[in-house]
file protein-v3.pdb (PDB, C-alpha atoms)
ATOM      1  CA  MET A 236      18.964 -62.055 -26.388
ATOM      2  CA  ARG A 237      16.665 -64.862 -27.526
ATOM      3  CA  GLU A 238      18.481 -67.336 -25.282
ATOM      4  CA  ALA A 239      17.994 -65.051 -22.292
ATOM      5  CA  ALA A 240      14.264 -64.999 -22.923
ATOM      6  CA  ALA A 241      13.928 -68.721 -23.410
ATOM      7  CA  LEU A 242      16.012 -69.606 -20.359
ATOM      8  CA  ALA A 243      14.529 -67.204 -17.802
ATOM      9  CA  PRO A 244      14.583 -69.017 -14.436
ATOM     10  CA  GLU A 245      11.288 -70.194 -13.024
ATOM     11  CA  THR A 246      11.605 -67.893 -10.010
ATOM     12  CA  ALA A 247      11.696 -64.916 -12.370
ATOM     13  CA  ASN A 248       8.744 -66.083 -14.449
ATOM     14  CA  SER A 249       6.052 -64.033 -12.725
ATOM     15  CA  LEU A 250       4.444 -61.523 -15.058
ATOM     16  CA  PRO A 251       5.818 -58.468 -13.203
ATOM     17  CA  ALA A 252       9.334 -59.921 -13.449
ATOM     18  CA  LEU A 253       8.890 -60.674 -17.133
ATOM     19  CA  PHE A 254       7.658 -57.160 -17.828
ATOM     20  CA  ARG A 255      10.793 -55.852 -16.105
ATOM     21  CA  GLN A 256      12.821 -58.121 -18.363
ATOM     22  CA  ALA A 257      10.977 -56.695 -21.385
ATOM     23  CA  ALA A 258      11.955 -53.199 -20.241
ATOM     24  CA  ALA A 259      15.589 -54.266 -19.890
ATOM     25  CA  VAL A 260      15.601 -55.778 -23.383
ATOM     26  CA  THR A 261      14.104 -52.575 -24.785
ATOM     27  CA  ALA A 262      16.713 -50.420 -23.052
ATOM     28  CA  VAL A 263      19.515 -52.440 -24.625
ATOM     29  CA  GLY A 264      17.937 -53.103 -28.009
ATOM     30  CA  SER A 265      16.664 -49.632 -28.934
ATOM     31  CA  LYS A 266      17.880 -46.674 -26.944
ATOM     32  CA  SER A 267      15.700 -44.282 -28.977
ATOM     33  CA  PHE A 268      12.502 -46.271 -28.462
ATOM     34  CA  TYR A 269      13.251 -46.805 -24.771
ATOM     35  CA  PHE A 270      13.959 -43.097 -24.339
ATOM     36  CA  ALA A 271      10.555 -42.266 -25.834
ATOM     37  CA  THR A 272       8.727 -44.767 -23.604
ATOM     38  CA  ARG A 273      10.023 -42.937 -20.536
ATOM     39  CA  PHE A 274       7.400 -40.294 -21.353
ATOM     40  CA  PHE A 275       4.538 -42.787 -21.266
ATOM     41  CA  PRO A 276       2.494 -43.366 -18.137
ATOM     42  CA  ALA A 277       3.787 -46.496 -16.369
ATOM     43  CA  ASP A 278       1.072 -48.798 -17.719
ATOM     44  CA  LEU A 279       1.626 -47.699 -21.324
ATOM     45  CA  ALA A 280       5.413 -47.992 -20.986
ATOM     46  CA  ARG A 281       4.953 -51.516 -19.665
ATOM     47  CA  ALA A 282       2.821 -52.430 -22.674
ATOM     48  CA  ALA A 283       5.229 -50.762 -25.115
ATOM     49  CA  HIS A 284       8.135 -52.796 -23.744
ATOM     50  CA  ALA A 285       6.132 -56.006 -24.185
ATOM     51  CA  VAL A 286       5.378 -55.124 -27.799
ATOM     52  CA  TYR A 287       9.026 -54.285 -28.403
ATOM     53  CA  TRP A 288      10.230 -57.570 -26.861
ATOM     54  CA  PHE A 289       7.975 -59.587 -29.155
ATOM     55  CA  CYS A 290       9.060 -57.619 -32.216
ATOM     56  CA  ARG A 291      12.742 -57.767 -31.303
ATOM     57  CA  TYR A 292      12.635 -61.488 -30.580
ATOM     58  CA  THR A 293      10.947 -62.114 -33.935
ATOM     59  CA  ASP A 294      13.494 -59.933 -35.719
ATOM     60  CA  ASP A 295      16.388 -61.745 -34.026
ATOM     61  CA  ILE A 296      15.182 -65.067 -35.408
ATOM     62  CA  ALA A 297      15.860 -63.742 -38.908
ATOM     63  CA  ASP A 298      19.013 -61.825 -37.986
ATOM     64  CA  GLU A 299      20.803 -64.399 -35.854
ATOM     65  CA  CYS A 300      20.299 -67.551 -37.914
ATOM     66  CA  GLU A 301      23.366 -68.973 -39.643
ATOM     67  CA  HIS A 302      21.470 -69.988 -42.773
ATOM     68  CA  PRO A 303      18.175 -68.756 -44.308
ATOM     69  CA  GLU A 304      16.616 -72.223 -44.147
ATOM     70  CA  GLU A 305      17.328 -72.392 -40.431
ATOM     71  CA  GLY A 306      15.689 -69.008 -39.950
ATOM     72  CA  LYS A 307      12.643 -70.020 -41.963
ATOM     73  CA  ARG A 308      12.239 -73.159 -39.861
ATOM     74  CA  GLU A 309      12.544 -71.196 -36.620
ATOM     75  CA  LEU A 310      10.034 -68.593 -37.830
ATOM     76  CA  GLN A 311       7.606 -71.401 -38.675
ATOM     77  CA  GLU A 312       8.028 -72.814 -35.165
ATOM     78  CA  TRP A 313       7.623 -69.336 -33.641
ATOM     79  CA  GLU A 314       4.411 -68.751 -35.585
ATOM     80  CA  ALA A 315       3.104 -72.163 -34.503
ATOM     81  CA  SER A 316       3.917 -71.321 -30.860
ATOM     82  CA  LEU A 317       2.048 -68.042 -31.152
ATOM     83  CA  ARG A 318      -1.014 -69.698 -32.683
ATOM     84  CA  LEU A 319      -1.022 -72.407 -30.014
ATOM     85  CA  ALA A 320      -0.723 -69.830 -27.238
ATOM     86  CA  MET A 321      -3.613 -67.858 -28.715
ATOM     87  CA  ARG A 322      -5.775 -70.971 -29.033
ATOM     88  CA  THR A 323      -5.077 -72.362 -25.562
ATOM     89  CA  GLU A 324      -4.631 -68.983 -23.861
ATOM     90  CA  SER A 325      -1.593 -70.485 -22.182
ATOM     91  CA  THR A 326       2.163 -70.438 -22.782
ATOM     92  CA  GLN A 327       5.360 -70.755 -20.813
ATOM     93  CA  HIS A 328       7.428 -68.704 -23.246
ATOM     94  CA  PRO A 329       8.392 -65.425 -21.512
ATOM     95  CA  VAL A 330       8.068 -63.264 -24.621
ATOM     96  CA  LEU A 331       4.685 -64.669 -25.579
ATOM     97  CA  ARG A 332       3.371 -64.407 -22.023
ATOM     98  CA  VAL A 333       3.924 -60.665 -21.766
ATOM     99  CA  PHE A 334       2.949 -59.996 -25.369
ATOM    100  CA  LEU A 335      -0.329 -61.914 -25.253
ATOM    101  CA  ASP A 336      -1.186 -60.411 -21.879
ATOM    102  CA  THR A 337      -0.659 -56.966 -23.411
ATOM    103  CA  ALA A 338      -2.520 -57.830 -26.615
ATOM    104  CA  ARG A 339      -5.552 -58.945 -24.629
ATOM    105  CA  GLU A 340      -5.522 -55.874 -22.391
ATOM    106  CA  TYR A 341      -5.200 -53.378 -25.250
ATOM    107  CA  ASN A 342      -7.107 -55.274 -27.968
ATOM    108  CA  ILE A 343      -4.122 -55.476 -30.322
ATOM    109  CA  PRO A 344      -5.237 -57.235 -33.543
ATOM    110  CA  MET A 345      -3.124 -60.365 -33.837
ATOM    111  CA  GLU A 346      -2.946 -60.033 -37.605
ATOM    112  CA  TYR A 347      -0.200 -57.475 -36.984
ATOM    113  CA  ALA A 348       1.947 -60.080 -35.228
ATOM    114  CA  PHE A 349       1.603 -62.457 -38.165
ATOM    115  CA  ASP A 350       2.361 -59.656 -40.632
ATOM    116  CA  LEU A 351       5.585 -59.032 -38.716
ATOM    117  CA  ILE A 352       6.575 -62.693 -38.976
ATOM    118  CA  GLU A 353       5.849 -62.566 -42.711
ATOM    119  CA  GLY A 354       8.091 -59.514 -43.008
ATOM    120  CA  MET A 355      10.941 -61.469 -41.443
ATOM    121  CA  ARG A 356      10.354 -64.233 -43.959
ATOM    122  CA  MET A 357      10.797 -61.636 -46.694
ATOM    123  CA  ASP A 358      14.203 -60.819 -45.211
ATOM    124  CA  LEU A 359      15.196 -64.485 -45.413
ATOM    125  CA  ASN A 360      13.842 -64.988 -48.935
ATOM    126  CA  GLY A 361      16.282 -62.457 -50.383
ATOM    127  CA  THR A 362      16.721 -58.760 -49.847
ATOM    128  CA  ARG A 363      16.592 -57.232 -53.283
ATOM    129  CA  TYR A 364      13.784 -54.885 -54.230
ATOM    130  CA  ARG A 365      13.228 -53.739 -57.767
ATOM    131  CA  THR A 366      10.795 -50.915 -56.996
ATOM    132  CA  PHE A 367       9.808 -48.832 -54.016
ATOM    133  CA  ASP A 368       6.344 -50.404 -54.106
ATOM    134  CA  GLU A 369       7.996 -53.750 -53.334
ATOM    135  CA  LEU A 370      10.083 -52.211 -50.552
ATOM    136  CA  ARG A 371       7.015 -50.512 -49.136
ATOM    137  CA  VAL A 372       5.364 -53.893 -48.502
ATOM    138  CA  PHE A 373       8.412 -54.932 -46.492
ATOM    139  CA  CYS A 374       8.398 -51.660 -44.545
ATOM    140  CA  TYR A 375       4.736 -52.131 -43.706
ATOM    141  CA  ARG A 376       5.269 -55.641 -42.396
ATOM    142  CA  VAL A 377       8.333 -54.965 -40.258
ATOM    143  CA  ALA A 378       7.606 -51.414 -39.060
ATOM    144  CA  SER A 379       4.112 -50.107 -39.783
ATOM    145  CA  VAL A 380       2.552 -53.011 -37.927
ATOM    146  CA  VAL A 381       4.600 -52.004 -34.875
ATOM    147  CA  GLY A 382       3.091 -48.517 -35.116
ATOM    148  CA  LEU A 383      -0.358 -50.040 -35.440
ATOM    149  CA  MET A 384       0.197 -52.142 -32.320
ATOM    150  CA  MET A 385       1.343 -49.044 -30.462
ATOM    151  CA  SER A 386      -1.737 -47.157 -31.667
ATOM    152  CA  SER A 387      -3.837 -49.814 -29.935
ATOM    153  CA  VAL A 388      -1.794 -49.347 -26.757
ATOM    154  CA  VAL A 389      -2.014 -45.549 -26.760
ATOM    155  CA  GLY A 390      -5.616 -45.353 -27.972
ATOM    156  CA  LEU A 391      -7.405 -42.604 -29.873
ATOM    157  CA  CYS A 392      -9.157 -39.416 -28.879
ATOM    158  CA  ASP A 393     -12.089 -40.278 -31.098
ATOM    159  CA  GLU A 394     -12.748 -43.739 -32.525
ATOM    160  CA  ARG A 395     -14.511 -42.110 -35.479
ATOM    161  CA  HIS A 396     -11.034 -41.221 -36.747
ATOM    162  CA  ALA A 397      -9.753 -44.788 -36.433
ATOM    163  CA  GLU A 398      -9.200 -45.373 -40.160
ATOM    164  CA  ALA A 399      -7.421 -42.055 -40.702
ATOM    165  CA  ALA A 400      -5.258 -42.695 -37.629
ATOM    166  CA  ARG A 401      -4.419 -46.160 -38.939
ATOM    167  CA  LEU A 402      -3.217 -44.743 -42.267
ATOM    168  CA  HIS A 403      -1.066 -42.151 -40.507
ATOM    169  CA  ALA A 404       0.442 -44.852 -38.279
ATOM    170  CA  VAL A 405       1.300 -46.874 -41.374
ATOM    171  CA  ASP A 406       3.083 -43.861 -42.892
ATOM    172  CA  LEU A 407       5.017 -43.146 -39.701
ATOM    173  CA  GLY A 408       6.170 -46.760 -39.548
ATOM    174  CA  ILE A 409       7.354 -46.599 -43.158
ATOM    175  CA  ALA A 410       9.217 -43.356 -42.416
ATOM    176  CA  MET A 411      11.031 -44.932 -39.479
ATOM    177  CA  GLN A 412      11.928 -48.074 -41.401
ATOM    178  CA  LEU A 413      13.275 -46.029 -44.310
ATOM    179  CA  THR A 414      15.408 -44.183 -41.751
ATOM    180  CA  ASN A 415      16.730 -47.494 -40.437
ATOM    181  CA  ILE A 416      17.488 -48.655 -43.963
ATOM    182  CA  LEU A 417      19.481 -45.523 -44.812
ATOM    183  CA  ARG A 418      21.356 -45.550 -41.496
ATOM    184  CA  ASP A 419      22.268 -49.243 -41.785
ATOM    185  CA  ILE A 420      23.280 -49.458 -45.462
ATOM    186  CA  GLY A 421      26.865 -50.375 -44.575
ATOM    187  CA  GLU A 422      25.951 -52.937 -41.916
ATOM    188  CA  ASP A 423      23.270 -54.540 -44.075
ATOM    189  CA  LEU A 424      25.665 -54.817 -46.995
ATOM    190  CA  GLU A 425      27.967 -56.964 -44.863
ATOM    191  CA  ARG A 426      25.034 -59.353 -44.418
ATOM    192  CA  GLU A 427      24.253 -59.345 -48.145
ATOM    193  CA  ARG A 428      21.176 -57.209 -47.685
ATOM    194  CA  ILE A 429      20.487 -54.329 -50.055
ATOM    195  CA  TYR A 430      17.227 -52.478 -49.543
ATOM    196  CA  LEU A 431      17.689 -49.545 -51.922
ATOM    197  CA  PRO A 432      15.349 -50.178 -54.891
ATOM    198  CA  SER A 433      17.484 -51.249 -57.846
ATOM    199  CA  GLU A 434      15.250 -49.249 -60.222
ATOM    200  CA  GLU A 435      16.165 -46.063 -58.360
ATOM    201  CA  MET A 436      19.845 -46.969 -58.179
ATOM    202  CA  GLU A 437      19.805 -47.266 -61.966
ATOM    203  CA  GLN A 438      17.890 -43.999 -62.251
ATOM    204  CA  PHE A 439      20.725 -42.173 -60.470
ATOM    205  CA  GLY A 440      23.522 -44.034 -62.235
ATOM    206  CA  TYR A 441      24.693 -45.896 -59.155
ATOM    207  CA  SER A 442      25.399 -49.631 -59.394
ATOM    208  CA  GLU A 443      25.547 -52.459 -56.895
ATOM    209  CA  ARG A 444      29.267 -52.649 -57.648
ATOM    210  CA  ASP A 445      29.569 -49.004 -56.586
ATOM    211  CA  LEU A 446      27.701 -49.802 -53.393
ATOM    212  CA  ARG A 447      29.979 -52.713 -52.550
ATOM    213  CA  ALA A 448      32.999 -50.481 -53.192
ATOM    214  CA  HIS A 449      31.539 -47.837 -50.828
ATOM    215  CA  VAL A 450      31.601 -45.227 -53.579
ATOM    216  CA  ARG A 451      30.269 -41.869 -52.358
ATOM    217  CA  ASP A 452      30.195 -39.830 -55.550
ATOM    218  CA  GLU A 453      27.691 -37.257 -56.746
ATOM    219  CA  ASN A 454      25.372 -40.004 -58.049
ATOM    220  CA  PHE A 455      25.310 -41.591 -54.599
ATOM    221  CA  ARG A 456      24.622 -38.281 -52.890
ATOM    222  CA  ARG A 457      21.710 -37.561 -55.243
ATOM    223  CA  LEU A 458      20.353 -41.076 -54.692
ATOM    224  CA  MET A 459      20.593 -40.716 -50.923
ATOM    225  CA  GLN A 460      19.029 -37.256 -50.908
ATOM    226  CA  TYR A 461      16.133 -38.676 -52.894
ATOM    227  CA  GLN A 462      15.665 -41.374 -50.231
ATOM    228  CA  VAL A 463      15.914 -38.870 -47.362
ATOM    229  CA  ASP A 464      13.363 -36.572 -48.988
ATOM    230  CA  ARG A 465      10.951 -39.479 -49.409
ATOM    231  CA  ALA A 466      11.350 -40.476 -45.752
ATOM    232  CA  ARG A 467      10.581 -36.899 -44.712
ATOM    233  CA  ARG A 468       7.374 -36.948 -46.764
ATOM    234  CA  PHE A 469       6.292 -40.053 -44.881
ATOM    235  CA  TYR A 470       7.143 -38.370 -41.577
ATOM    236  CA  ARG A 471       4.934 -35.411 -42.488
ATOM    237  CA  GLN A 472       2.078 -37.724 -43.388
ATOM    238  CA  GLY A 473       2.601 -39.899 -40.331
ATOM    239  CA  ASN A 474       2.971 -37.053 -37.849
ATOM    240  CA  ALA A 475      -0.416 -35.675 -38.907
ATOM    241  CA  GLY A 476      -1.977 -38.576 -37.010
ATOM    242  CA  ILE A 477      -0.240 -37.970 -33.689
ATOM    243  CA  ARG A 478      -2.861 -35.424 -32.618
ATOM    244  CA  MET A 479      -5.483 -38.174 -33.027
ATOM    245  CA  LEU A 480      -3.866 -40.218 -30.252
ATOM    246  CA  ASN A 481      -4.870 -40.000 -26.619
ATOM    247  CA  PRO A 482      -3.074 -37.114 -24.888
ATOM    248  CA  ASN A 483      -1.504 -39.394 -22.279
ATOM    249  CA  GLY A 484       0.504 -41.179 -24.957
ATOM    250  CA  ARG A 485       0.926 -38.866 -27.910
ATOM    251  CA  PHE A 486       3.894 -36.957 -26.452
ATOM    252  CA  ALA A 487       6.063 -40.086 -26.367
ATOM    253  CA  VAL A 488       5.126 -40.909 -29.964
ATOM    254  CA  LYS A 489       6.103 -37.367 -31.005
ATOM    255  CA  ILE A 490       9.461 -37.745 -29.238
ATOM    256  CA  ALA A 491      10.129 -41.051 -31.009
ATOM    257  CA  SER A 492       9.297 -39.485 -34.374
ATOM    258  CA  ASP A 493      11.513 -36.455 -33.733
ATOM    259  CA  VAL A 494      14.470 -38.591 -32.640
ATOM    260  CA  TYR A 495      14.221 -40.722 -35.758
ATOM    261  CA  ARG A 496      13.862 -37.678 -37.999
ATOM    262  CA  HIS A 497      17.008 -36.309 -36.431
ATOM    263  CA  ILE A 498      18.839 -39.445 -37.581
ATOM    264  CA  LEU A 499      18.115 -38.299 -41.135
ATOM    265  CA  ARG A 500      19.734 -34.945 -40.365
ATOM    266  CA  ARG A 501      22.819 -36.675 -39.054
ATOM    267  CA  ILE A 502      23.025 -38.825 -42.179
ATOM    268  CA  GLU A 503      22.911 -35.664 -44.284
ATOM    269  CA  SER A 504      25.435 -33.815 -42.130
ATOM    270  CA  SER A 505      27.878 -36.713 -42.526
ATOM    271  CA  GLU A 506      27.608 -36.213 -46.307
ATOM    272  CA  PHE A 507      25.904 -39.597 -46.454
ATOM    273  CA  ASP A 508      28.781 -41.555 -44.928
ATOM    274  CA  VAL A 509      26.720 -44.631 -44.155
ATOM    275  CA  PHE A 510      29.694 -46.950 -44.635
ATOM    276  CA  GLY A 511      32.212 -45.637 -42.125
ATOM    277  CA  GLN A 512      29.911 -44.590 -39.292
ATOM    278  CA  ARG A 513      26.444 -45.159 -37.886
ATOM    279  CA  ALA A 514      24.216 -42.123 -37.457
ATOM    280  CA  VAL A 515      22.981 -41.944 -33.883
ATOM    281  CA  VAL A 516      21.327 -39.224 -31.835
ATOM    282  CA  PRO A 517      23.334 -38.514 -28.649
ATOM    283  CA  ALA A 518      21.478 -38.470 -25.343
ATOM    284  CA  ARG A 519      21.964 -34.705 -24.956
ATOM    285  CA  GLN A 520      20.285 -34.182 -28.342
ATOM    286  CA  LYS A 521      17.357 -36.377 -27.327
ATOM    287  CA  TYR A 522      16.868 -34.316 -24.184
ATOM    288  CA  TRP A 523      17.056 -31.118 -26.233
ATOM    289  CA  LEU A 524      14.369 -32.427 -28.589
ATOM    290  CA  THR A 525      12.254 -33.346 -25.586
ATOM    291  CA  ALA A 526      12.701 -29.951 -23.972
ATOM    292  CA  ARG A 527      11.730 -28.231 -27.206
ATOM    293  CA  ASN A 528       8.584 -30.310 -27.501
ATOM    294  CA  MET A 529       7.670 -29.452 -23.933
ATOM    295  CA  ALA A 530       8.549 -25.760 -24.146
ATOM    296  CA  LEU A 531       6.782 -24.739 -27.357
ATOM    297  CA  PRO A 532       3.219 -25.667 -26.277
ATOM    298  CA  MET A 533       3.751 -23.976 -22.907
ATOM    299  CA  ALA A 534       5.111 -20.869 -24.618
ATOM    300  CA  ARG A 535       2.170 -20.744 -27.012
ATOM    301  CA  HIS A 536      -0.250 -21.060 -24.108
ATOM    302  CA  SER A 537       1.471 -18.264 -22.206
ATOM    303  CA  PHE A 538       1.454 -15.941 -25.202
ATOM    304  CA  GLN A 539      -2.199 -16.670 -25.881
ATOM    305  CA  ARG A 540      -3.083 -15.859 -22.255
ATOM    306  CA  LEU A 541      -1.361 -12.517 -22.784
ATOM    307  CA  GLY A 542      -3.665 -11.870 -25.727
ATOM    308  CA  LEU A 543      -1.083 -12.374 -28.458
ATOM    309  CA  SER A 544      -1.980 -14.289 -31.568
ATOM    310  CA  ARG A 545      -0.226 -17.483 -32.562
ATOM    311  CA  LEU A 546       0.990 -15.759 -35.712
ATOM    312  CA  ALA A 547       2.571 -13.012 -33.638
ATOM    313  CA  PHE A 548       4.307 -15.634 -31.520
ATOM    314  CA  TRP A 549       5.752 -17.532 -34.441
ATOM    315  CA  ASN A 550       6.892 -14.366 -36.206
ATOM    316  CA  SER A 551       8.613 -12.926 -33.160
TER     317      SER A 551
END
call {"tool": "encode", "arguments": {"input": "protein-v3.pdb", "output": "structure tokens"}}
result
Amino acid sequence: MREAAALAPETANSLPALFRQAAAVTAVGSKSFYFATRFFPADLARAAHAVYWFCRYTDDIADECEHPEEGKRELQEWEASLRLAMRTESTQHPVLRVFLDTAREYNIPMEYAFDLIEGMRMDLNGTRYRTFDELRVFCYRVASVVGLMMSSVVGLCDERHAEAARLHAVDLGIAMQLTNILRDIGEDLERERIYLPSEEMEQFGYSERDLRAHVRDENFRRLMQYQVDRARRFYRQGNAGIRMLNPNGRFAVKIASDVYRHILRRIESSEFDVFGQRAVVPARQKYWLTARNMALPMARHSFQRLGLSRLAFWNS
């Protein structure tokens, strides 16, 4: 994927063509995120794909390197390229061209991009976390900053609520990253990455040896339920900020949140089999979640026009 970006032919290097390439990368790289962006207006979807392409490209530097030192060197070069492009307001790199164009248009603070790069460095420096507080820093850098970038793209109903909206976006990003961590435990283990806080593994009597042996005993189930419950708390806190977003973009954010929350349900329904299968939300389920999100507000509005109270509607 990185090679495709770096080697885009000159004839395809116009900004419109590069934004189409960003959309294609998003469609392949994250079906859930791409599905949600289909409910953005065209200009917001275009910006969301640019943000995703930058984040995915940065993530691939850490994921695709053969050795940590190679990844660290490439991240250093990537950061230097970003700083140079910002300073000169010019770059030939396809990913940076669409990202910086989007960042300028939507006033995305560039500190978020550098936080993301720092999060990838954390991945290369060793993936063992003693406490959740340590893991939370990682989640902020690799996921919350993405939510903060998207908040800039979508915009707010009232700038007076900017700080509260920022905190909710941080929580929603943490919730989504915790979901990724739980879904990908088996895959990450193959790459020598363990994100479950060791303090909590000890608390539930579950060892790293158990994890490597794919043990799914009662201790593991209690440990996983504890993680799922925490993620849901972050979703509740994060979702409280969705109503602060501009109406033309909040629906897509709600869809993305609901799809990711449904991944947690699928993890639970598999009895926490995160070693033998990967929890995904089928397309038909995504459309059902979308239809539900569309139908409930319309139904409430119809009932209210008929003079029925909201309480009567929900209790019917």
call {"tool": "residues_around", "arguments": {"input": "protein-v3.pdb", "residues": "Phe349 of chain A", "least_positions_apart": "3", "cutoff": "10 Å", "atoms": "only C-alpha atoms", "output": "VMD selection string"}}
result
chain A and resid 314 317 to 318 344 to 346 352 to 355 376 380
call {"tool": "write_last_selection", "arguments": {"input": "protein-v3.pdb", "atoms": "C-alpha atoms", "output": "mmCIF file, in the coordinates of the input"}}
result
data_model
loop_
_atom_site.group_PDB
_atom_site.id
_atom_site.type_symbol
_atom_site.label_atom_id
_atom_site.label_comp_id
_atom_site.auth_asym_id
_atom_site.auth_seq_id
_atom_site.Cartn_x
_atom_site.Cartn_y
_atom_site.Cartn_z
ATOM 1 C CA GLU A 314 4.411 -68.751 -35.585
ATOM 2 C CA LEU A 317 2.048 -68.042 -31.152
ATOM 3 C CA ARG A 318 -1.014 -69.698 -32.683
ATOM 4 C CA PRO A 344 -5.237 -57.235 -33.543
ATOM 5 C CA MET A 345 -3.124 -60.365 -33.837
ATOM 6 C CA GLU A 346 -2.946 -60.033 -37.605
ATOM 7 C CA ILE A 352 6.575 -62.693 -38.976
ATOM 8 C CA GLU A 353 5.849 -62.566 -42.711
ATOM 9 C CA GLY A 354 8.091 -59.514 -43.008
ATOM 10 C CA MET A 355 10.941 -61.469 -41.443
ATOM 11 C CA ARG A 376 5.269 -55.641 -42.396
ATOM 12 C CA VAL A 380 2.552 -53.011 -37.927
#
call {"tool": "resolve_selection", "arguments": {"input": "protein-v3.pdb", "expression": "the PyMOL selection byres ((chain A and resi 485-500) around 7)", "output": "PyMOL selection string"}}
result
chain A and resi 267-268+271-272+274-275+411+414+463+477-478+480-484+501-504+514-516+521+525
call {"tool": "resolve_selection", "arguments": {"input": "protein-v3.pdb", "expression": "the PyMOL selection byres ((chain A and resi 471) around 12)", "output": "list in words"}}
result
His403, Ala404, Asp406, Leu407, Gly408, Ile409, Ala410, Met411, Asp464, Arg465, Ala466, Arg467, Arg468, Phe469, Tyr470, Gln472, Gly473, Asn474, Ala475, Gly476, Ile477, Lys489, Ser492, Asp493 and Arg496 of chain A
call {"tool": "write_last_selection", "arguments": {"input": "protein-v3.pdb", "atoms": "C-alpha atoms", "output": "tab-separated table (two decimals), in the coordinates of the input"}}
result
chain	number	residue	atom	x	y	z
A	403	HIS	CA	-1.07	-42.15	-40.51
A	404	ALA	CA	0.44	-44.85	-38.28
A	406	ASP	CA	3.08	-43.86	-42.89
A	407	LEU	CA	5.02	-43.15	-39.70
A	408	GLY	CA	6.17	-46.76	-39.55
A	409	ILE	CA	7.35	-46.60	-43.16
A	410	ALA	CA	9.22	-43.36	-42.42
A	411	MET	CA	11.03	-44.93	-39.48
A	464	ASP	CA	13.36	-36.57	-48.99
A	465	ARG	CA	10.95	-39.48	-49.41
A	466	ALA	CA	11.35	-40.48	-45.75
A	467	ARG	CA	10.58	-36.90	-44.71
A	468	ARG	CA	7.37	-36.95	-46.76
A	469	PHE	CA	6.29	-40.05	-44.88
A	470	TYR	CA	7.14	-38.37	-41.58
A	472	GLN	CA	2.08	-37.72	-43.39
A	473	GLY	CA	2.60	-39.90	-40.33
A	474	ASN	CA	2.97	-37.05	-37.85
A	475	ALA	CA	-0.42	-35.67	-38.91
A	476	GLY	CA	-1.98	-38.58	-37.01
A	477	ILE	CA	-0.24	-37.97	-33.69
A	489	LYS	CA	6.10	-37.37	-31.00
A	492	SER	CA	9.30	-39.48	-34.37
A	493	ASP	CA	11.51	-36.46	-33.73
A	496	ARG	CA	13.86	-37.68	-38.00
call {"tool": "closest_residue", "arguments": {"input": "protein-v3.pdb", "among": "A:Cys290, A:Leu402, A:Leu431, A:Ile296", "to": "Thr362 of chain A", "atoms": "all atoms listed in the file"}}
result
A:Leu431
call {"tool": "resolve_selection", "arguments": {"input": "protein-v3.pdb", "expression": "the PyMOL selection byres ((chain A and resi 510) around 8)", "output": "MDAnalysis selection string"}}
result
chainID A and resid 420:422 449 508:509 511:513
call {"tool": "write_last_selection", "arguments": {"input": "protein-v3.pdb", "atoms": "C-alpha atoms", "output": "PDB file, in the coordinates of the input"}}
result
ATOM      1  CA  ILE A 420      23.280 -49.458 -45.462  1.00  0.00           C
ATOM      2  CA  GLY A 421      26.865 -50.375 -44.575  1.00  0.00           C
ATOM      3  CA  GLU A 422      25.951 -52.937 -41.916  1.00  0.00           C
ATOM      4  CA  HIS A 449      31.539 -47.837 -50.828  1.00  0.00           C
ATOM      5  CA  ASP A 508      28.781 -41.555 -44.928  1.00  0.00           C
ATOM      6  CA  VAL A 509      26.720 -44.631 -44.155  1.00  0.00           C
ATOM      7  CA  GLY A 511      32.212 -45.637 -42.125  1.00  0.00           C
ATOM      8  CA  GLN A 512      29.911 -44.590 -39.292  1.00  0.00           C
ATOM      9  CA  ARG A 513      26.444 -45.159 -37.886  1.00  0.00           C
TER      10      ARG A 513
END
call {"tool": "residues_around", "arguments": {"input": "protein-v3.pdb", "residues": "Glu435 of chain A", "least_positions_apart": "5", "cutoff": "12 Å", "atoms": "only C-alpha atoms", "output": "compact mmCIF listing (two decimals) with C-alpha atoms, in the frame of the given file"}}
result
# COMPACT_ATOMS: atom_id res chain seq x y z
CA TYR A 364 13.78 -54.88 -54.23
CA ARG A 365 13.23 -53.74 -57.77
CA THR A 366 10.80 -50.92 -57.00
CA PHE A 367 9.81 -48.83 -54.02
CA ASP A 368 6.34 -50.40 -54.11
CA LEU A 370 10.08 -52.21 -50.55
CA TYR A 430 17.23 -52.48 -49.54
CA GLY A 440 23.52 -44.03 -62.24
CA TYR A 441 24.69 -45.90 -59.16
CA SER A 442 25.40 -49.63 -59.39
CA GLU A 443 25.55 -52.46 -56.90
CA ASN A 454 25.37 -40.00 -58.05
CA PHE A 455 25.31 -41.59 -54.60
CA ARG A 457 21.71 -37.56 -55.24
CA LEU A 458 20.35 -41.08 -54.69
CA MET A 459 20.59 -40.72 -50.92
CA GLN A 460 19.03 -37.26 -50.91
CA TYR A 461 16.13 -38.68 -52.89
CA GLN A 462 15.66 -41.37 -50.23
call {"tool": "atom_distance", "arguments": {"input": "protein-v3.pdb", "atom1": "atom CA of Ala257 of chain A", "atom2": "atom CA of Arg339 of chain A"}}
result
17.0 Å
call {"tool": "atom_distance", "arguments": {"input": "protein-v3.pdb", "atom1": "atom CA of Pro432 of chain A", "atom2": "atom CA of Asn360 of chain A"}}
result
16.0 Å
call {"tool": "closest_residue", "arguments": {"input": "protein-v3.pdb", "among": "A:Leu359, A:Ser325, A:Phe254, A:Tyr341", "to": "Glu304 of chain A", "atoms": "all atoms listed in the file"}}
result
A:Leu359
call {"tool": "residues_around", "arguments": {"input": "protein-v3.pdb", "residues": "Pro251 of chain A", "least_positions_apart": "3", "cutoff": "12 Å", "atoms": "all atoms listed in the file", "output": "ChimeraX atom specification"}}
result
/A:246-248,254-258,278,281-282,285,329,332-333,336
call {"tool": "atom_distance", "arguments": {"input": "protein-v3.pdb", "atom1": "atom CA of Asp294 of chain A", "atom2": "atom CA of Ala348 of chain A"}}
result
11.6 Å
